[in-house]
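The file data.txt comes next; it holds compact mmCIF, C-alpha atoms and all ligand atoms.
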# COMPACT_ATOMS: atom_id res chain seq x y z
CA MET N 1 14.77 11.16 -6.11
CA ALA N 2 13.36 13.27 -8.93
CA ASP N 3 9.75 14.45 -9.10
CA SER N 4 9.18 11.58 -11.54
CA ASP N 5 8.52 9.67 -8.30
CA LEU N 6 5.30 11.68 -7.88
CA GLN N 7 2.81 9.04 -6.74
CA TYR N 8 -0.29 8.81 -8.91
CA HIS N 9 -3.04 8.69 -6.26
CA VAL N 10 -1.65 10.45 -3.17
CA GLY N 11 0.00 13.25 -5.19
CA LEU N 12 3.23 13.14 -3.15
CA SER N 13 6.91 12.68 -3.99
CA ALA N 14 10.00 11.98 -1.87
CA SER N 15 11.10 15.61 -2.00
CA LEU N 16 7.66 16.78 -0.83
CA ILE N 17 7.63 14.54 2.25
CA GLU N 18 11.25 15.40 3.23
CA GLY N 19 12.25 11.91 4.39
CA ALA N 20 9.20 11.32 6.64
CA ARG N 21 9.30 7.82 8.18
CA TYR N 22 5.97 8.06 10.06
CA VAL N 23 2.50 8.67 8.69
CA LEU N 24 -0.69 9.38 10.63
CA MET N 25 -3.62 8.12 8.58
CA PRO N 26 -7.15 9.34 9.38
CA GLY N 27 -9.99 8.28 7.11
CA ASP N 28 -11.66 11.69 7.07
CA PRO N 29 -9.71 14.45 5.23
CA ASP N 30 -11.13 16.96 7.75
CA ARG N 31 -9.09 15.24 10.48
CA VAL N 32 -5.81 16.29 8.80
CA PRO N 33 -5.83 19.86 10.21
CA VAL N 34 -6.86 18.52 13.63
CA LEU N 35 -3.87 16.18 13.69
CA SER N 36 -1.62 18.92 12.33
CA ALA N 37 -2.60 21.17 15.25
CA ALA N 38 -1.16 18.66 17.75
CA PHE N 39 2.34 19.46 16.43
CA ALA N 40 4.42 22.58 17.01
CA HIS N 41 4.71 23.21 13.26
CA ALA N 42 2.73 21.77 10.38
CA ARG N 43 1.93 22.82 6.84
CA PRO N 44 -0.52 21.52 4.22
CA LEU N 45 1.07 19.49 1.41
CA ALA N 46 -1.36 18.23 -1.22
CA GLN N 47 -4.97 17.32 -2.00
CA SER N 48 -5.63 14.50 -4.45
CA ARG N 49 -8.94 12.56 -4.48
CA GLU N 50 -9.58 11.52 -0.83
CA TYR N 51 -5.89 11.94 0.01
CA ARG N 52 -5.31 15.22 1.85
CA SER N 53 -1.84 15.61 3.30
CA ALA N 54 0.22 17.77 5.63
CA LEU N 55 3.76 17.64 6.96
CA ALA N 56 4.31 18.14 10.69
CA TYR N 57 7.48 18.70 12.68
CA ALA N 58 8.23 17.81 16.28
CA GLU N 59 11.56 18.68 17.93
CA ASP N 60 11.89 15.20 19.42
CA VAL N 61 11.04 13.21 16.26
CA PRO N 62 14.06 12.97 13.92
CA THR N 63 12.13 13.14 10.63
CA PRO N 64 8.97 15.07 9.73
CA VAL N 65 5.67 13.29 10.36
CA LEU N 66 3.40 12.92 7.35
CA ILE N 67 -0.37 13.17 7.86
CA LEU N 68 -2.50 11.70 5.06
CA SER N 69 -6.21 10.94 4.93
CA THR N 70 -7.17 7.68 3.23
CA GLY N 71 -10.93 8.11 2.75
CA ILE N 72 -13.33 5.33 3.69
CA GLY N 73 -12.45 1.68 3.25
CA ALA N 74 -9.62 -0.74 2.71
CA PRO N 75 -8.86 -0.29 -1.04
CA SER N 76 -7.91 3.38 -0.75
CA ALA N 77 -5.95 2.70 2.46
CA SER N 78 -3.93 -0.03 0.70
CA ILE N 79 -3.13 2.33 -2.19
CA ALA N 80 -1.83 4.92 0.27
CA ILE N 81 0.40 2.33 1.99
CA GLU N 82 1.92 1.15 -1.32
CA GLU N 83 2.61 4.65 -2.59
CA LEU N 84 4.03 5.98 0.70
CA ALA N 85 6.25 2.91 1.19
CA ARG N 86 7.84 3.69 -2.20
CA LEU N 87 8.70 7.14 -0.83
CA GLY N 88 10.40 5.75 2.30
CA VAL N 89 7.58 5.79 4.90
CA ARG N 90 7.95 2.83 7.29
CA TYR N 91 5.55 3.39 10.24
CA PHE N 92 1.83 3.63 9.55
CA LEU N 93 -0.53 4.78 12.31
CA ARG N 94 -4.26 4.84 11.58
CA VAL N 95 -6.05 7.55 13.58
CA GLY N 96 -9.71 6.75 13.09
CA THR N 97 -13.22 6.39 14.51
CA THR N 98 -15.01 3.22 15.53
CA GLY N 99 -18.29 1.79 16.86
CA ALA N 100 -18.01 -0.13 20.16
CA ILE N 101 -19.79 -3.46 20.67
CA GLN N 102 -18.69 -4.15 24.28
CA ARG N 103 -20.73 -2.62 27.10
CA HIS N 104 -17.72 -1.54 29.16
CA ILE N 105 -16.58 0.85 26.38
CA ALA N 106 -17.99 4.40 26.52
CA LEU N 107 -18.51 7.05 23.87
CA GLY N 108 -15.32 9.09 23.50
CA ASP N 109 -12.99 6.32 24.74
CA LEU N 110 -10.12 5.27 22.48
CA VAL N 111 -9.67 1.75 21.09
CA ILE N 112 -6.12 0.59 20.34
CA SER N 113 -6.29 -2.37 17.97
CA GLU N 114 -3.94 -5.28 18.64
CA ALA N 115 -5.37 -7.28 15.75
CA SER N 116 -8.43 -7.16 13.54
CA VAL N 117 -10.97 -9.54 12.06
CA ARG N 118 -10.59 -9.56 8.27
CA LEU N 119 -14.16 -8.81 7.22
CA GLU N 120 -12.89 -6.99 4.13
CA GLY N 121 -11.59 -8.11 0.75
CA THR N 122 -8.48 -6.00 0.17
CA SER N 123 -6.20 -7.87 2.57
CA SER N 124 -6.82 -11.14 0.72
CA HIS N 125 -5.16 -9.58 -2.34
CA TYR N 126 -1.97 -9.56 -0.24
CA ALA N 127 -2.14 -12.73 1.87
CA PRO N 128 -4.47 -15.73 2.26
CA ILE N 129 -7.24 -15.51 4.86
CA GLU N 130 -5.27 -17.75 7.28
CA TYR N 131 -2.68 -14.96 7.62
CA PRO N 132 -3.46 -12.95 10.77
CA ALA N 133 -4.05 -9.20 10.77
CA VAL N 134 -1.85 -8.07 13.66
CA ALA N 135 -0.48 -4.66 14.58
CA SER N 136 3.16 -3.86 15.42
CA VAL N 137 3.80 -4.73 19.07
CA ASP N 138 6.20 -1.77 19.45
CA MET N 139 3.61 0.65 18.09
CA ILE N 140 0.84 -0.83 20.29
CA CYS N 141 3.09 -0.28 23.32
CA ALA N 142 3.77 3.31 22.30
CA LEU N 143 0.03 3.97 21.92
CA ARG N 144 -0.83 2.44 25.30
CA GLU N 145 1.92 4.36 27.05
CA ALA N 146 0.83 7.59 25.36
CA ALA N 147 -2.84 7.16 26.37
CA CYS N 148 -1.83 6.31 29.97
CA ALA N 149 0.59 9.25 30.20
CA LEU N 150 -2.11 11.65 28.94
CA GLY N 151 -4.80 10.15 31.21
CA ILE N 152 -7.11 9.33 28.29
CA SER N 153 -9.57 6.46 28.74
CA HIS N 154 -8.64 3.65 26.36
CA HIS N 155 -8.98 -0.08 25.67
CA SER N 156 -6.83 -2.43 23.66
CA GLY N 157 -7.74 -5.69 22.02
CA MET N 158 -9.32 -7.15 18.89
CA THR N 159 -11.30 -5.04 16.45
CA CYS N 160 -13.35 -6.01 13.39
CA SER N 161 -12.82 -4.36 9.99
CA SER N 162 -15.84 -4.49 7.69
CA ASP N 163 -16.09 -3.62 4.00
CA SER N 164 -19.51 -2.07 4.62
CA PHE N 165 -20.83 0.33 7.26
CA TRP N 166 -24.39 -1.09 7.32
CA PRO N 167 -24.80 -4.83 6.59
CA GLY N 168 -21.26 -5.94 7.54
CA GLN N 169 -21.61 -4.18 10.89
CA GLU N 170 -25.18 -5.51 11.22
CA ARG N 171 -26.78 -2.09 11.57
CA ARG N 172 -30.50 -2.43 12.20
CA ASP N 173 -31.20 0.96 10.59
CA SER N 174 -29.93 -0.17 7.17
CA PHE N 175 -32.21 0.92 4.32
CA ALA N 176 -35.36 -1.22 4.25
CA GLY N 177 -33.89 -3.14 7.21
CA TYR N 178 -31.90 -5.29 4.79
CA ILE N 179 -29.17 -7.42 6.38
CA PRO N 180 -28.11 -10.49 4.35
CA ARG N 181 -28.37 -13.81 6.18
CA ARG N 182 -24.62 -14.24 6.42
CA PHE N 183 -24.33 -11.14 8.62
CA GLN N 184 -27.37 -11.77 10.84
CA GLY N 185 -26.28 -12.48 14.41
CA THR N 186 -22.64 -11.60 13.70
CA LEU N 187 -22.49 -8.54 16.00
CA GLU N 188 -23.40 -10.74 18.97
CA GLU N 189 -20.94 -13.40 17.83
CA TRP N 190 -18.05 -10.93 17.63
CA ARG N 191 -19.09 -9.49 21.01
CA ARG N 192 -18.94 -12.96 22.58
CA LEU N 193 -15.53 -13.48 20.97
CA ASN N 194 -14.32 -10.34 22.83
CA VAL N 195 -14.01 -8.13 19.77
CA LEU N 196 -14.14 -4.52 20.97
CA SER N 197 -15.45 -2.54 18.03
CA TYR N 198 -16.14 -2.19 14.31
CA GLU N 199 -14.37 0.04 11.84
CA MET N 200 -13.35 -0.40 8.18
CA GLU N 201 -9.57 -0.28 7.57
CA ASN N 202 -7.51 -1.85 10.39
CA SER N 203 -7.21 -5.41 9.08
CA ALA N 204 -6.14 -4.31 5.60
CA LEU N 205 -3.61 -1.92 7.12
CA PHE N 206 -2.13 -4.65 9.33
CA VAL N 207 -1.97 -7.35 6.64
CA VAL N 208 -0.61 -5.09 3.89
CA CYS N 209 2.06 -3.67 6.19
CA ARG N 210 3.14 -7.08 7.54
CA ALA N 211 3.25 -8.50 4.02
CA LEU N 212 5.43 -5.63 2.80
CA GLY N 213 7.75 -5.57 5.86
CA LEU N 214 6.32 -2.32 7.27
CA GLU N 215 4.97 -1.53 10.76
CA ALA N 216 1.40 -0.48 11.52
CA ALA N 217 -0.98 0.22 14.38
CA SER N 218 -4.32 1.90 14.93
CA VAL N 219 -6.06 4.07 17.50
CA CYS N 220 -9.71 5.00 17.04
CA ALA N 221 -12.18 7.16 18.96
CA VAL N 222 -15.50 5.55 19.87
CA VAL N 223 -18.29 7.53 18.16
CA ALA N 224 -21.06 4.91 18.47
CA CYS N 225 -22.04 2.43 21.18
CA ARG N 226 -23.98 -0.24 19.38
CA TRP N 227 -25.93 -1.67 22.33
CA GLN N 228 -27.37 1.83 22.87
CA GLY N 229 -28.39 2.32 19.24
CA GLU N 230 -27.08 2.83 15.74
CA ALA N 231 -26.45 6.59 15.92
CA VAL N 232 -23.00 8.06 15.39
CA SER N 233 -22.36 11.01 17.72
CA HIS N 234 -20.98 14.21 16.17
CA ASP N 235 -20.74 15.87 19.58
CA VAL N 236 -18.61 13.08 21.00
CA TYR N 237 -16.41 13.14 17.89
CA ALA N 238 -15.89 16.91 18.21
CA LYS N 239 -14.14 16.37 21.55
CA ALA N 240 -12.60 12.94 21.00
CA LYS N 241 -10.72 13.95 17.85
CA HIS N 242 -8.45 16.16 19.99
CA ASP N 243 -7.70 13.25 22.36
CA LEU N 244 -6.93 11.12 19.30
CA ALA N 245 -4.51 13.73 17.98
CA ARG N 246 -2.69 14.06 21.31
CA VAL N 247 -2.31 10.30 21.72
CA ALA N 248 -1.09 9.87 18.13
CA ARG N 249 1.52 12.57 18.50
CA GLU N 250 2.76 11.27 21.86
CA ALA N 251 2.88 7.69 20.55
CA VAL N 252 5.02 8.74 17.58
CA ARG N 253 7.35 10.62 19.94
CA ARG N 254 7.74 7.57 22.20
CA HIS N 255 8.14 5.11 19.33
CA ALA N 256 10.66 7.29 17.51
CA ALA N 257 12.80 7.62 20.66
CA ARG N 258 13.23 3.82 20.64
CA ALA N 259 13.44 3.38 16.87
CA ILE N 260 16.46 5.73 16.56
CA GLY N 261 19.50 3.68 15.75
CA ARG N 262 17.53 0.90 14.11
CA PRO N 263 18.52 0.08 10.55
CA ALA N 264 16.25 1.78 8.00
O1 LIG N 301 -13.28 8.02 10.81
P1 LIG N 301 -12.50 7.11 9.88
O2 LIG N 301 -11.04 7.16 10.11
O3 LIG N 301 -12.89 7.32 8.43
O4 LIG N 301 -12.94 5.60 10.26
C1 LIG N 301 -14.25 5.08 10.31
O5 LIG N 301 -15.24 5.96 9.79
C2 LIG N 301 -15.64 5.55 8.46
C3 LIG N 301 -17.10 5.15 8.50
O6 LIG N 301 -17.89 6.15 9.04
C4 LIG N 301 -14.75 4.37 8.11
O7 LIG N 301 -13.63 4.82 7.38
C5 LIG N 301 -14.41 3.83 9.46
O8 LIG N 301 -13.29 3.00 9.53
O1 LIG N 302 -19.97 2.32 14.06
C1 LIG N 302 -19.01 2.76 13.43
C2 LIG N 302 -18.44 4.02 13.73
C3 LIG N 302 -17.39 4.47 12.97
N1 LIG N 302 -16.92 3.71 11.96
C4 LIG N 302 -17.45 2.51 11.65
O2 LIG N 302 -17.01 1.86 10.71
N2 LIG N 302 -18.48 2.06 12.40

Encoded form using structure tokens:
Amino acid sequence: MADSDLQYHVGLSASLIEGARYVLMPGDPDRVPVLSAAFAHARPLAQSREYRSALAYAEDVPTPVLILSTGIGAPSASIAIEELARLGVRYFLRVGTTGAIQRHIALGDLVISEASVRLEGTSSHYAPIEYPAVASVDMICALREAACALGISHHSGMTCSSDSFWPGQERRDSFAGYIPRRFQGTLEEWRRLNVLSYEMENSALFVVCRALGLEAASVCAVVACRWQGEAVSHDVYAKAKHDLARVAREAVRRHAARAIGRPA
């Protein structure tokens, strides 16, 4: 493919990503070097808007692994999926942060999302609201196995993806204490429905990928415990991001070992 396939937003082309089939997708561009460091070799690729990228190599993964930040929120994540799919990427793993709403989940634990509540608007541009936002079973298995093998505390289950950080996640410290009526009491409702945590991109990732025939999953580090307060812990994140990177890399290795031989 010629460089005319340079994708408008992510600033990448097929030749730049060297046939990568997997992408690790953090929200925060600063997580790209952290994820890169989990691989034996990695090099920066491009920086375009919120999309910072690197290409990583692992001896036991047949193609390079792309790492690309998506910024905050579902619209920019959906743009990244569309543009990378055009370049041949097929497996999309979000490597994010999240706020727990269940009391048995501790700061620094990882949450593997099996499915996510669609409290965002982007996914409805791809499929009606009745369409479930579910992750790839094979990728969930690879994530669980990776976390177990590395001895990293983790949970798997439902998450909730909100278009806003404050009202949609019913944060009591929102400016002027403003939470619209439709979100009042929702944190407790999701908690009683066994939702594990809030973040902002999972459901769009799962719906867009399912709709387009791609595979997706998500692992997030818990940086807030909402029954303890609204604060997000930088100290916890500083340690947990390395656990996230190790689990992501090991999950790709395990998934790729099984995916070899599958039709492209
Ligand atoms: O840390 P990342 O991956 O950005 O994920 C979470 O953090 C951001 C909000 O602070 C949202 O993008 C949310 O989903
Ligand atoms: O509470 C949190 C923490 C991280 N990301 C979110 O969206 N919410």

Can you tell me how far CA of Ile67 in chain N sits from CA of Glu120 in chain N, in Å to one decimal? 24.0 Å

Which chains and residue numbers are within 6 Å of ligand LIG 302 (chain N), counting all atoms listed in the file, if I want them as a count of residues only? 9

List all protein, DNA and RNA residues that have any atom at most 9 Å from ligand LIG 301 (chain N), counting all atoms listed in the file, and write the list as a ChimeraX atom specification. /N:25-29,31,69-74,94-99,161-162,164-165,198-202,220-221,223,232

Long-range neighbours of Leu212 in chain N as a PDB file with C-alpha atoms, keeping the file's coordinate frame, 9 Å cut-off, only C-alpha atoms, 3 positions minimum in chain:
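Below you can see result-v1.pdb, which holds the result:
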ATOM      1  CA  GLU N  82       1.920   1.150  -1.320  1.00  0.00           C
ATOM      2  CA  ALA N  85       6.250   2.910   1.190  1.00  0.00           C
ATOM      3  CA  TYR N 126      -1.970  -9.560  -0.240  1.00  0.00           C
ATOM      4  CA  VAL N 207      -1.970  -7.350   6.640  1.00  0.00           C
ATOM      5  CA  VAL N 208      -0.610  -5.090   3.890  1.00  0.00           C
ATOM      6  CA  CYS N 209       2.060  -3.670   6.190  1.00  0.00           C
ATOM      7  CA  GLU N 215       4.970  -1.530  10.760  1.00  0.00           C
TER       8      GLU N 215
END

Residue nearest His104 in chain N - candidates N:Leu244, N:Leu196, N:Ala256, N:Ile140, atoms counted: all atoms listed in the file: N:Leu196

Calculated over all atoms listed in the file, which of the candidates N:Ala133, N:Ala240, N:Ala14, N:Ser203 has the smallest distance to Ser153 in chain N?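 Counting all atoms listed in the file, the residue closest to Ser153 in chain N is N:Ala240.
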
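Distance check against Ser116 in chain N using all atoms listed in the file: of N:Val195, N:Ile129, N:Val65, N:Leu55, the minimum falls on N:Val195.
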
Between N:Ala100, N:Val10, N:Leu187, N:Val61, single out the one closest to Ala259 in chain N, counting all atoms listed in the file. N:Val61

Counting all atoms listed in the file, closest pick from N:Ala147, N:Gly177, N:Thr122, N:Val247 relative to Leu93 in chain N is N:Val247

Nearest residue to Tyr237 in chain N from the set N:Leu110, N:Ala80, N:Val117, N:Leu45 (distances using all atoms listed in the file):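 The shortest atom-to-atom distance to Tyr237 in chain N comes from N:Leu110.
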
Gap from CA of Ala58 in chain N to CA of Ile17 in chain N - Å, one decimal: 14.4 Å

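The neighbours of Glu18 in chain N here are the residues that come within 9 Å of it, using all atoms listed in the file and leaving out any residue fewer than 5 positions away in the same chain; they are Ser13, Leu55, Thr63 and Pro64 of chain N.
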
From the block I gave, I'd like range 224-246 of chain N written with N, CA, C and O atoms, as a JSON list (two decimals), in the first residue's frame.
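Written output follows (part02.json):
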[["chain", "number", "residue", "atom", "x", "y", "z"],
["N", 224, "ALA", "N", -9.35, 4.85, 41.38],
["N", 224, "ALA", "CA", -10.27, 5.50, 42.32],
["N", 224, "ALA", "C", -11.19, 4.43, 42.88],
["N", 224, "ALA", "O", -11.56, 3.50, 42.17],
["N", 225, "CYS", "N", -11.50, 4.55, 44.17],
["N", 225, "CYS", "CA", -12.49, 3.67, 44.79],
["N", 225, "CYS", "C", -13.61, 4.57, 45.27],
["N", 225, "CYS", "O", -13.47, 5.30, 46.25],
["N", 226, "ARG", "N", -14.73, 4.52, 44.61],
["N", 226, "ARG", "CA", -15.75, 5.55, 44.75],
["N", 226, "ARG", "C", -16.49, 5.53, 46.08],
["N", 226, "ARG", "O", -17.07, 6.55, 46.46],
["N", 227, "TRP", "N", -16.49, 4.43, 46.82],
["N", 227, "TRP", "CA", -17.13, 4.45, 48.14],
["N", 227, "TRP", "C", -16.22, 5.12, 49.16],
["N", 227, "TRP", "O", -16.66, 5.52, 50.23],
["N", 228, "GLN", "N", -14.92, 5.27, 48.82],
["N", 228, "GLN", "CA", -13.98, 5.94, 49.72],
["N", 228, "GLN", "C", -13.92, 7.43, 49.45],
["N", 228, "GLN", "O", -13.43, 8.19, 50.27],
["N", 229, "GLY", "N", -14.33, 7.84, 48.26],
["N", 229, "GLY", "CA", -14.24, 9.26, 47.91],
["N", 229, "GLY", "C", -14.11, 9.42, 46.41],
["N", 229, "GLY", "O", -14.12, 8.44, 45.66],
["N", 230, "GLU", "N", -13.98, 10.67, 45.98],
["N", 230, "GLU", "CA", -13.96, 10.94, 44.54],
["N", 230, "GLU", "C", -12.55, 11.08, 43.98],
["N", 230, "GLU", "O", -12.36, 11.18, 42.77],
["N", 231, "ALA", "N", -11.54, 11.05, 44.87],
["N", 231, "ALA", "CA", -10.17, 11.34, 44.43],
["N", 231, "ALA", "C", -9.64, 10.25, 43.50],
["N", 231, "ALA", "O", -9.98, 9.07, 43.63],
["N", 232, "VAL", "N", -8.80, 10.67, 42.56],
["N", 232, "VAL", "CA", -8.08, 9.75, 41.69],
["N", 232, "VAL", "C", -6.63, 9.74, 42.18],
["N", 232, "VAL", "O", -6.03, 10.79, 42.37],
["N", 233, "SER", "N", -6.08, 8.54, 42.41],
["N", 233, "SER", "CA", -4.76, 8.44, 43.04],
["N", 233, "SER", "C", -3.63, 8.37, 42.01],
["N", 233, "SER", "O", -3.49, 7.39, 41.28],
["N", 234, "HIS", "N", -2.78, 9.40, 42.02],
["N", 234, "HIS", "CA", -1.60, 9.39, 41.14],
["N", 234, "HIS", "C", -0.57, 8.37, 41.62],
["N", 234, "HIS", "O", 0.10, 7.73, 40.81],
["N", 235, "ASP", "N", -0.45, 8.22, 42.94],
["N", 235, "ASP", "CA", 0.54, 7.28, 43.48],
["N", 235, "ASP", "C", 0.20, 5.85, 43.08],
["N", 235, "ASP", "O", 1.07, 5.07, 42.70],
["N", 236, "VAL", "N", -1.06, 5.50, 43.20],
["N", 236, "VAL", "CA", -1.49, 4.16, 42.81],
["N", 236, "VAL", "C", -1.24, 3.96, 41.33],
["N", 236, "VAL", "O", -0.73, 2.93, 40.89],
["N", 237, "TYR", "N", -1.58, 4.96, 40.53],
["N", 237, "TYR", "CA", -1.40, 4.85, 39.08],
["N", 237, "TYR", "C", 0.08, 4.63, 38.72],
["N", 237, "TYR", "O", 0.40, 3.82, 37.83],
["N", 238, "ALA", "N", 0.97, 5.32, 39.45],
["N", 238, "ALA", "CA", 2.40, 5.23, 39.14],
["N", 238, "ALA", "C", 2.89, 3.79, 39.22],
["N", 238, "ALA", "O", 3.74, 3.36, 38.43],
["N", 239, "LYS", "N", 2.34, 3.00, 40.13],
["N", 239, "LYS", "CA", 2.73, 1.59, 40.23],
["N", 239, "LYS", "C", 1.88, 0.72, 39.29],
["N", 239, "LYS", "O", 2.40, -0.12, 38.58],
["N", 240, "ALA", "N", 0.58, 0.96, 39.29],
["N", 240, "ALA", "CA", -0.33, 0.07, 38.57],
["N", 240, "ALA", "C", -0.09, 0.09, 37.06],
["N", 240, "ALA", "O", -0.36, -0.91, 36.37],
["N", 241, "LYS", "N", 0.42, 1.19, 36.52],
["N", 241, "LYS", "CA", 0.60, 1.24, 35.07],
["N", 241, "LYS", "C", 1.62, 0.19, 34.60],
["N", 241, "LYS", "O", 1.52, -0.31, 33.47],
["N", 242, "HIS", "N", 2.55, -0.18, 35.47],
["N", 242, "HIS", "CA", 3.53, -1.21, 35.09],
["N", 242, "HIS", "C", 2.87, -2.60, 35.10],
["N", 242, "HIS", "O", 3.16, -3.44, 34.25],
["N", 243, "ASP", "N", 1.97, -2.85, 36.08],
["N", 243, "ASP", "CA", 1.21, -4.10, 36.08],
["N", 243, "ASP", "C", 0.35, -4.20, 34.82],
["N", 243, "ASP", "O", 0.28, -5.25, 34.17],
["N", 244, "LEU", "N", -0.28, -3.08, 34.47],
["N", 244, "LEU", "CA", -1.11, -3.03, 33.26],
["N", 244, "LEU", "C", -0.29, -3.43, 32.03],
["N", 244, "LEU", "O", -0.73, -4.23, 31.21],
["N", 245, "ALA", "N", 0.89, -2.85, 31.92],
["N", 245, "ALA", "CA", 1.75, -3.09, 30.76],
["N", 245, "ALA", "C", 2.16, -4.56, 30.68],
["N", 245, "ALA", "O", 2.14, -5.17, 29.61],
["N", 246, "ARG", "N", 2.49, -5.14, 31.83],
["N", 246, "ARG", "CA", 2.93, -6.55, 31.84],
["N", 246, "ARG", "C", 1.77, -7.46, 31.45],
["N", 246, "ARG", "O", 1.94, -8.41, 30.68]]
